[in-house]
Amino acid sequence: MDKYTQKTKEWLDKRFAEGVREGDYLAHQPIYGYKRGRTEGRDLIRYLRNLSILTKLSHLKFDSFMDIGGAEGYMPNLVKSAFKVDSYTCDLSFEANLRAREIFNLDSVSIDISNLPFKDGAFDVVLCSEVLEHVANPVQAISELKRITKKALIITTEAVCYDSLERKLRMMLVDLSEDHCDRNWFIAEDFIFMLGEGIDYESTIYDPGVADKSASFDEAKTILSGYEDRGILTRDGVGITVLLPKTPKDERPEGNIPNLVDIILNTIANIDYKKNNDSDLRPISTMLVELLRCPTCQNIVKLDKNMLICSSCGNQYAVKDNVPIMYTHDKDDDFLSKKWDTRFRGEFGHNYKHFLKLKKVFEHTTIKPSFLVRFITCRALKIQKFIRNSINVMRQKSLLASIAYFLCALKKKILREIYRVINRVRKPALSDFKIGDTVEFAKDYQALDNQKVFVRQGTFGKIVAISDDKITIRVEGVECPVDLWANTKRDYRPTLIYIKQVKIS
Ligand SMILES: C[S@@+](CC[C@H](N)C(=O)[O-])C[C@H]1O[C@@H](n2cnc3c(N)ncnc32)[C@H](O)[C@@H]1O
Ligand SMILES: [Zn+2]
């Protein structure tokens with residue numbers, strides 16, 4: 001495993017072992033309920049993405065499913081409930097895999113996506129959702145995903161750009177010193193090149209206004225019920241979903257499609273999971289063991305007590321708490337190690353030059369962009385988006401409409417800049433808030449004096465007290481004091497950036 005992945009794994013393990021109030025684990029997906037502060041934020045966007053993936057799956061006939069980078073196994077659990085198939089998960093984080101067993105009773109494997117320990121065509125359907133943007137070798141990873149898929153591969157990522165200029169700019173902004181950052185940005189052509197012309201791709205979510213909305217549970221239900229597939233990649237959509245069908249149409253019979261919205265919403269409503277230290281005694285399924293291969297040399301592995309041993313190279317892989325730990329023993333940090341070079345020459349043949357170009361796109365020469373690069377690149381991105389939108393309006397509507405759009409957008413931009421400057425000069429003040437205001441946490445919050453108080457971004461609370469230098473916000477009965485000034489990770493900024501005022505109708 002390369003150094004970057006090793007460091008990411010350490011961070012992920014801490015993250016997936018993290019607890020919140022009342023002894024729950026902090027979940028990646030909304031498994032404890034909607035907007036409860038015990039899950040990471042942006043619940044609605046996650047529901048919408050889950051629904052879009054399940055909708056794709058509902059048209060396919062398949063018997064086995066594997067989620068690569070599946071975190072606590074939320075998605076494989078939904079797939080199991082909806083389609084009654086063998087469903088597995090695997091993740092770089094061993095802790096995430098333990099949670100998948102404990103919370104959803106799923107079989108899981110510890111892996112690195114760049115060297116997957118599964119046989120060719122091991123699973124009918126393979127999903128890799130919101131993972132590729134984080135990994136050290138995305139090209140290698142995509143090739144591995146394709147290899148282990150039998151019938152259909154689904155990839156989603158929010159890190160999508162609409163042209164290579166935008167991608168260049170976004171890649172320049174990548175800050176590798178941030179843990180588990182979005183280090184890779186994709187364009188649709190990458191997937192066509194890696195997976196072939198036969199892929200379908202579309203925006204994962206079509207309406208960013210809806211996706212980023214603060215919705216109540218009932219509103220969320222209504223939004224989900226109105227979801228529909230449109231089958232196109234729109235410039236103002238959120239993310240990309242790619243489907244590679246490997247076998248010619250193998251469709252699920254009509255009338256056999258479950259109510260996916262109900263399945264998503266019921267699954268979260270019924271979970272009441274507490275942290276516990278008892279290890280799960282159920283052994284790993286023999287069916288999954290049969291699909292395992294040595295991640296270093298791809299040969300058969302045999303289970304011997306708590307050890308999987310490669311029949312060819314002799315490498316040994318421990319099985320801890322019934323989770324096989326199958327990271328490659330290959331310590332080669334170089335993306336184009338001999339093994340991969342040979343494989344890619346075979347896979348891409350005469351297009352090898354293009355492949356080398358693609359590989360170069362994801363290489364980083366700096367760890368952290370300088371302030372100047374950040375400043376210029378951010379503005380360049382905004383200008384690019386502005387020009388693109390104007391051209392779009394011109395194409396679709398009349399010249400008059402595009403002039404009107406241009407003027408409105410310009411006015412909005414000028415007003416926003418003025419507002420930003422005023423805010424910077426004025427700085428946020430306590431007087432901006434009053435007792436009884438409902439506020440939303442704009443960032444994760446942890447009380448400095450009480451490790452148990454941890455509130456996720458996106459959680460709502462009410463202001464219950466305001467003193468000279470503090471605001472106290474009540475969240476689910478717990479009072480969270482927010483200092484006006486504090487040292488945050490990046491620089492010295494007021495902690496008021498932790499909260500934003502929201503209008504409650
Ligand atoms: C943003 S989360 C997405 C989780 C889940 N697939 C979803 O859509 O909600 C990224 C996941 O990828 C996993 N991950 C990161 N790097 C990985 C790697 N090199 N190999 C496998 N999994 C990785 C993380 O542990 C994490 O669970
Ligand atoms: Zn081996």
# chains A, B, ... in the order shown; residues from 1 in each chain; ligands from 1
$ residues_near_ligand --ligand "ligand 1" --cutoff "9 Å" --atoms "only C-alpha atoms and all ligand atoms" --output "PyMOL selection string"
chain A and resi 1+5-6+8-9+12-13+15-16+28-29+46+49-50+67-75+90-96+110-116+127-138+141+156-157+180
$ write_last_selection --atoms "C-alpha atoms" --output "PDB file, in the first residue's frame"
ATOM      1  CA  MET A   1       0.000   0.000   0.000  1.00  0.00           C
ATOM      2  CA  THR A   5      -3.309   5.433   1.235  1.00  0.00           C
ATOM      3  CA  GLN A   6      -1.704   4.273   4.495  1.00  0.00           C
ATOM      4  CA  THR A   8      -5.676   8.000   4.730  1.00  0.00           C
ATOM      5  CA  LYS A   9      -6.452   4.626   6.276  1.00  0.00           C
ATOM      6  CA  LEU A  12     -10.467   6.794   8.285  1.00  0.00           C
ATOM      7  CA  ASP A  13     -10.089   4.236  11.077  1.00  0.00           C
ATOM      8  CA  ARG A  15     -13.194   8.551  11.898  1.00  0.00           C
ATOM      9  CA  PHE A  16     -15.204   5.292  11.742  1.00  0.00           C
ATOM     10  CA  HIS A  28     -21.309   8.327   7.362  1.00  0.00           C
ATOM     11  CA  GLN A  29     -24.831   7.805   6.022  1.00  0.00           C
ATOM     12  CA  ARG A  46     -27.270  11.237   0.169  1.00  0.00           C
ATOM     13  CA  ARG A  49     -27.996   9.591  -4.574  1.00  0.00           C
ATOM     14  CA  ASN A  50     -29.006   6.309  -2.925  1.00  0.00           C
ATOM     15  CA  ASP A  67     -20.012  -2.104  -2.611  1.00  0.00           C
ATOM     16  CA  ILE A  68     -16.387  -0.972  -2.930  1.00  0.00           C
ATOM     17  CA  GLY A  69     -15.631   1.717  -0.338  1.00  0.00           C
ATOM     18  CA  GLY A  70     -19.017   0.955   1.209  1.00  0.00           C
ATOM     19  CA  ALA A  71     -18.295   2.609   4.602  1.00  0.00           C
ATOM     20  CA  GLU A  72     -20.648   1.072   7.229  1.00  0.00           C
ATOM     21  CA  GLY A  73     -22.561  -0.881   4.602  1.00  0.00           C
ATOM     22  CA  TYR A  74     -25.637   1.323   4.380  1.00  0.00           C
ATOM     23  CA  MET A  75     -26.042   0.783   0.634  1.00  0.00           C
ATOM     24  CA  CYS A  90     -15.506  -3.701   1.582  1.00  0.00           C
ATOM     25  CA  ASP A  91     -13.573  -0.626   2.590  1.00  0.00           C
ATOM     26  CA  LEU A  92     -10.059   0.658   3.187  1.00  0.00           C
ATOM     27  CA  SER A  93     -11.025   1.235   6.807  1.00  0.00           C
ATOM     28  CA  PHE A  94     -11.046  -1.872   8.995  1.00  0.00           C
ATOM     29  CA  GLU A  95     -13.210   0.020  11.512  1.00  0.00           C
ATOM     30  CA  ALA A  96     -15.804   0.759   8.797  1.00  0.00           C
ATOM     31  CA  SER A 110     -10.556  -4.706   4.346  1.00  0.00           C
ATOM     32  CA  ILE A 111      -9.128  -3.710   0.963  1.00  0.00           C
ATOM     33  CA  ASP A 112      -7.409  -1.018  -1.038  1.00  0.00           C
ATOM     34  CA  ILE A 113      -9.321  -0.267  -4.234  1.00  0.00           C
ATOM     35  CA  SER A 114      -6.071  -0.212  -6.261  1.00  0.00           C
ATOM     36  CA  ASN A 115      -5.432  -3.952  -5.711  1.00  0.00           C
ATOM     37  CA  LEU A 116      -8.737  -5.704  -5.135  1.00  0.00           C
ATOM     38  CA  LEU A 127     -20.921  -0.281  -6.932  1.00  0.00           C
ATOM     39  CA  CYS A 128     -18.282   2.327  -6.197  1.00  0.00           C
ATOM     40  CA  SER A 129     -19.974   5.443  -4.905  1.00  0.00           C
ATOM     41  CA  GLU A 130     -18.129   8.654  -3.949  1.00  0.00           C
ATOM     42  CA  VAL A 131     -14.784   6.896  -3.535  1.00  0.00           C
ATOM     43  CA  LEU A 132     -12.704   7.458  -6.687  1.00  0.00           C
ATOM     44  CA  GLU A 133     -12.129  11.144  -5.929  1.00  0.00           C
ATOM     45  CA  HIS A 134     -10.233  10.140  -2.757  1.00  0.00           C
ATOM     46  CA  VAL A 135      -7.888   7.441  -3.998  1.00  0.00           C
ATOM     47  CA  ALA A 136      -4.203   7.595  -4.891  1.00  0.00           C
ATOM     48  CA  ASN A 137      -4.456   5.740  -8.235  1.00  0.00           C
ATOM     49  CA  PRO A 138      -7.908   6.302  -9.774  1.00  0.00           C
ATOM     50  CA  ALA A 141      -8.909   1.606  -9.361  1.00  0.00           C
ATOM     51  CA  THR A 156     -20.777   7.755  -8.836  1.00  0.00           C
ATOM     52  CA  THR A 157     -18.725  10.811  -7.995  1.00  0.00           C
ATOM     53  CA  HIS A 180      -9.339  12.247   2.772  1.00  0.00           C
TER      54      HIS A 180
END
$ closest_atom_pairs --of "chain A" --to "ligand 2" --cutoff "12 Å" --atoms "only C-alpha atoms and all ligand atoms" --output "tab-separated table"
residue	atom	partner	partner_atom_place_in_ligand_line	distance
A:Asn115	CA	ligand 2	1 (Zn)	11.8
A:Pro117	CA	ligand 2	1 (Zn)	9.9
A:Phe118	CA	ligand 2	1 (Zn)	12.0
A:Leu292	CA	ligand 2	1 (Zn)	11.2
A:Arg293	CA	ligand 2	1 (Zn)	7.8
A:Cys294	CA	ligand 2	1 (Zn)	4.6
A:Pro295	CA	ligand 2	1 (Zn)	6.8
A:Thr296	CA	ligand 2	1 (Zn)	5.2
A:Cys297	CA	ligand 2	1 (Zn)	4.1
A:Gln298	CA	ligand 2	1 (Zn)	6.0
A:Asn299	CA	ligand 2	1 (Zn)	5.5
A:Ile300	CA	ligand 2	1 (Zn)	7.6
A:Val301	CA	ligand 2	1 (Zn)	7.6
A:Lys302	CA	ligand 2	1 (Zn)	10.8
A:Leu308	CA	ligand 2	1 (Zn)	10.3
A:Ile309	CA	ligand 2	1 (Zn)	7.9
A:Cys310	CA	ligand 2	1 (Zn)	4.6
A:Ser311	CA	ligand 2	1 (Zn)	6.7
A:Ser312	CA	ligand 2	1 (Zn)	5.2
A:Cys313	CA	ligand 2	1 (Zn)	4.0
A:Gly314	CA	ligand 2	1 (Zn)	5.8
A:Asn315	CA	ligand 2	1 (Zn)	5.5
A:Gln316	CA	ligand 2	1 (Zn)	8.3
A:Tyr317	CA	ligand 2	1 (Zn)	10.0
A:Met326	CA	ligand 2	1 (Zn)	10.8
A:Tyr327	CA	ligand 2	1 (Zn)	11.3
A:Thr328	CA	ligand 2	1 (Zn)	8.9
A:His329	CA	ligand 2	1 (Zn)	9.0
A:Asp330	CA	ligand 2	1 (Zn)	10.1
$ select_by_dssp --residues "range 108-310 of chain A" --states "strand (DSSP E or B)" --output "ChimeraX atom specification"
/A:108-110,118,123-129,149-157,160,186,200-205,238-245,251,292-293,300-304,307-310
$ residues_around --residues "Val79 in chain A" --least-positions-apart "2" --cutoff "12 Å" --atoms "only C-alpha atoms" --output "PyMOL selection string"
chain A and resi 50-51+53-58+62-67+73-77+81-89+104+106+125-127+258+260+263-264+267
$ select_by_dssp --residues "range 180-417 of chain A" --states "helix (DSSP H, G or I)" --output "PyMOL selection string"
chain A and resi 188-195+208-211+217-225+260-269+286-291+338-361+371-396+399-417
$ write_last_selection --atoms "C-alpha atoms" --output "short mmCIF file (atom, residue, chain, number, x, y, z; two decimals), in the first residue's frame"
data_model
loop_
_atom_site.label_atom_id
_atom_site.label_comp_id
_atom_site.auth_asym_id
_atom_site.auth_seq_id
_atom_site.Cartn_x
_atom_site.Cartn_y
_atom_site.Cartn_z
CA ALA A 188 -17.06 11.97 -18.72
CA GLU A 189 -14.42 11.13 -21.35
CA ASP A 190 -12.22 9.48 -18.66
CA PHE A 191 -14.90 6.88 -18.08
CA ILE A 192 -15.49 6.35 -21.79
CA PHE A 193 -11.77 5.79 -22.27
CA MET A 194 -11.42 3.44 -19.29
CA LEU A 195 -14.70 1.55 -19.61
CA PRO A 208 -28.74 21.27 -7.05
CA GLY A 209 -31.29 23.69 -5.55
CA VAL A 210 -33.28 20.74 -4.23
CA ALA A 211 -30.25 18.69 -3.20
CA PHE A 217 -38.47 14.76 6.95
CA ASP A 218 -41.85 15.08 5.21
CA GLU A 219 -40.44 17.43 2.59
CA ALA A 220 -37.57 14.99 2.02
CA LYS A 221 -40.13 12.24 1.44
CA THR A 222 -41.98 14.36 -1.10
CA ILE A 223 -38.75 15.27 -2.89
CA LEU A 224 -37.68 11.62 -3.04
CA SER A 225 -41.07 10.51 -4.32
CA LEU A 260 -37.50 2.23 -3.20
CA VAL A 261 -38.45 5.45 -1.37
CA ASP A 262 -40.19 3.44 1.37
CA ILE A 263 -37.22 1.11 1.67
CA ILE A 264 -34.79 4.02 2.09
CA LEU A 265 -36.92 5.88 4.62
CA ASN A 266 -37.95 2.78 6.64
CA THR A 267 -34.37 1.58 6.91
CA ILE A 268 -33.20 4.66 8.73
CA ALA A 269 -36.29 4.91 10.90
CA THR A 286 -17.86 -19.39 2.70
CA MET A 287 -19.35 -17.94 -0.47
CA LEU A 288 -17.32 -14.77 -0.03
CA VAL A 289 -14.15 -16.73 0.85
CA GLU A 290 -14.47 -18.53 -2.49
CA LEU A 291 -14.44 -15.19 -4.30
CA LYS A 338 6.03 -3.11 -13.51
CA LYS A 339 2.94 -5.19 -12.75
CA TRP A 340 0.56 -2.39 -13.64
CA ASP A 341 2.54 -1.21 -16.60
CA THR A 342 2.32 -4.67 -18.16
CA ARG A 343 -1.37 -4.96 -17.40
CA PHE A 344 -2.24 -1.56 -18.83
CA ARG A 345 -0.21 -2.17 -21.99
CA GLY A 346 -2.38 -5.26 -22.48
CA GLU A 347 -5.61 -3.43 -21.63
CA PHE A 348 -5.15 -0.24 -23.64
CA GLY A 349 -2.94 -1.51 -26.48
CA HIS A 350 -2.53 1.09 -29.22
CA ASN A 351 -4.12 3.74 -26.99
CA TYR A 352 -1.30 3.51 -24.52
CA LYS A 353 -0.21 7.13 -25.14
CA HIS A 354 -3.66 8.39 -24.23
CA PHE A 355 -3.56 6.23 -21.12
CA LEU A 356 -0.24 7.76 -20.05
CA LYS A 357 -1.76 11.22 -20.55
CA LEU A 358 -4.72 10.29 -18.37
CA LYS A 359 -2.45 8.91 -15.67
CA LYS A 360 -0.54 12.20 -15.70
CA VAL A 361 -3.73 14.19 -15.16
CA PHE A 371 -2.52 31.52 -1.59
CA LEU A 372 -1.90 33.20 -4.95
CA VAL A 373 -2.70 30.05 -6.93
CA ARG A 374 -5.86 29.57 -4.88
CA PHE A 375 -6.94 33.17 -5.37
CA ILE A 376 -6.40 33.21 -9.13
CA THR A 377 -7.76 29.70 -9.76
CA CYS A 378 -10.96 30.30 -7.79
CA ARG A 379 -11.68 33.43 -9.79
CA ALA A 380 -10.85 31.71 -13.06
CA LEU A 381 -13.34 28.95 -12.19
CA LYS A 382 -16.06 31.48 -11.45
CA ILE A 383 -15.45 33.34 -14.70
CA GLN A 384 -15.48 30.08 -16.65
CA LYS A 385 -18.81 29.05 -15.11
CA PHE A 386 -20.28 32.47 -15.81
CA ILE A 387 -19.26 32.40 -19.48
CA ARG A 388 -20.52 28.84 -19.86
CA ASN A 389 -23.91 29.65 -18.39
CA SER A 390 -24.26 32.75 -20.59
CA ILE A 391 -23.48 30.71 -23.71
CA ASN A 392 -26.00 28.08 -22.60
CA VAL A 393 -28.76 30.64 -22.27
CA MET A 394 -27.84 32.08 -25.66
CA ARG A 395 -28.06 28.63 -27.27
CA GLN A 396 -31.38 27.73 -25.70
CA LEU A 399 -30.47 36.92 -27.75
CA LEU A 400 -32.70 39.19 -25.65
CA ALA A 401 -33.02 36.49 -22.96
CA SER A 402 -29.28 36.03 -22.87
CA ILE A 403 -28.71 39.79 -22.45
CA ALA A 404 -31.25 39.78 -19.59
CA TYR A 405 -29.51 36.78 -18.02
CA PHE A 406 -26.14 38.46 -18.40
CA LEU A 407 -27.32 41.66 -16.71
CA CYS A 408 -29.06 39.82 -13.82
CA ALA A 409 -26.04 37.60 -13.20
CA LEU A 410 -23.72 40.60 -13.31
CA LYS A 411 -25.88 42.50 -10.81
CA LYS A 412 -25.95 39.48 -8.48
CA LYS A 413 -22.20 39.10 -8.71
CA ILE A 414 -21.51 42.77 -8.01
CA LEU A 415 -23.90 42.77 -5.03
CA ARG A 416 -22.32 39.60 -3.64
CA GLU A 417 -18.82 41.08 -3.90
#
$ residues_around --residues "Val319 in chain A" --least-positions-apart "3" --cutoff "6 Å" --atoms "only C-alpha atoms" --output "number ranges by chain"
A: 306-307, 322-325
$ closest_residue --among "A:Ala215, A:Ile31, A:Ile435, A:Ile257" --to "Phe460 in chain A" --atoms "only C-alpha atoms"
A:Ala215
$ atom_distance --atom1 "CA of Trp185 in chain A" --atom2 "CA of Leu44 in chain A"
22.9 Å
$ closest_residue --among "A:Glu202, A:Asp163, A:Ser214, A:Cys480" --to "Arg42 in chain A" --atoms "only C-alpha atoms"
A:Ser214
$ closest_residue --among "A:Phe362, A:Glu479, A:Val139, A:Ile45" --to "Tyr206 in chain A" --atoms "only C-alpha atoms"
A:Ile45
$ closest_residue --among "A:Arg183, A:Arg167, A:Arg235, A:Lys151" --to "Ser203 in chain A" --atoms "only C-alpha atoms"
A:Arg235
$ closest_residue --among "A:Pro481, A:Gly196, A:Gly41, A:Gly239" --to "Lys146 in chain A" --atoms "only C-alpha atoms"
A:Gly196
$ closest_residue --among "A:Tyr25, A:Tyr201, A:Phe433, A:Trp11" --to "Phe454 in chain A" --atoms "only C-alpha atoms"
A:Tyr25
$ atom_distance --atom1 "CA of Cys161 in chain A" --atom2 "CA of Tyr227 in chain A"
23.1 Å
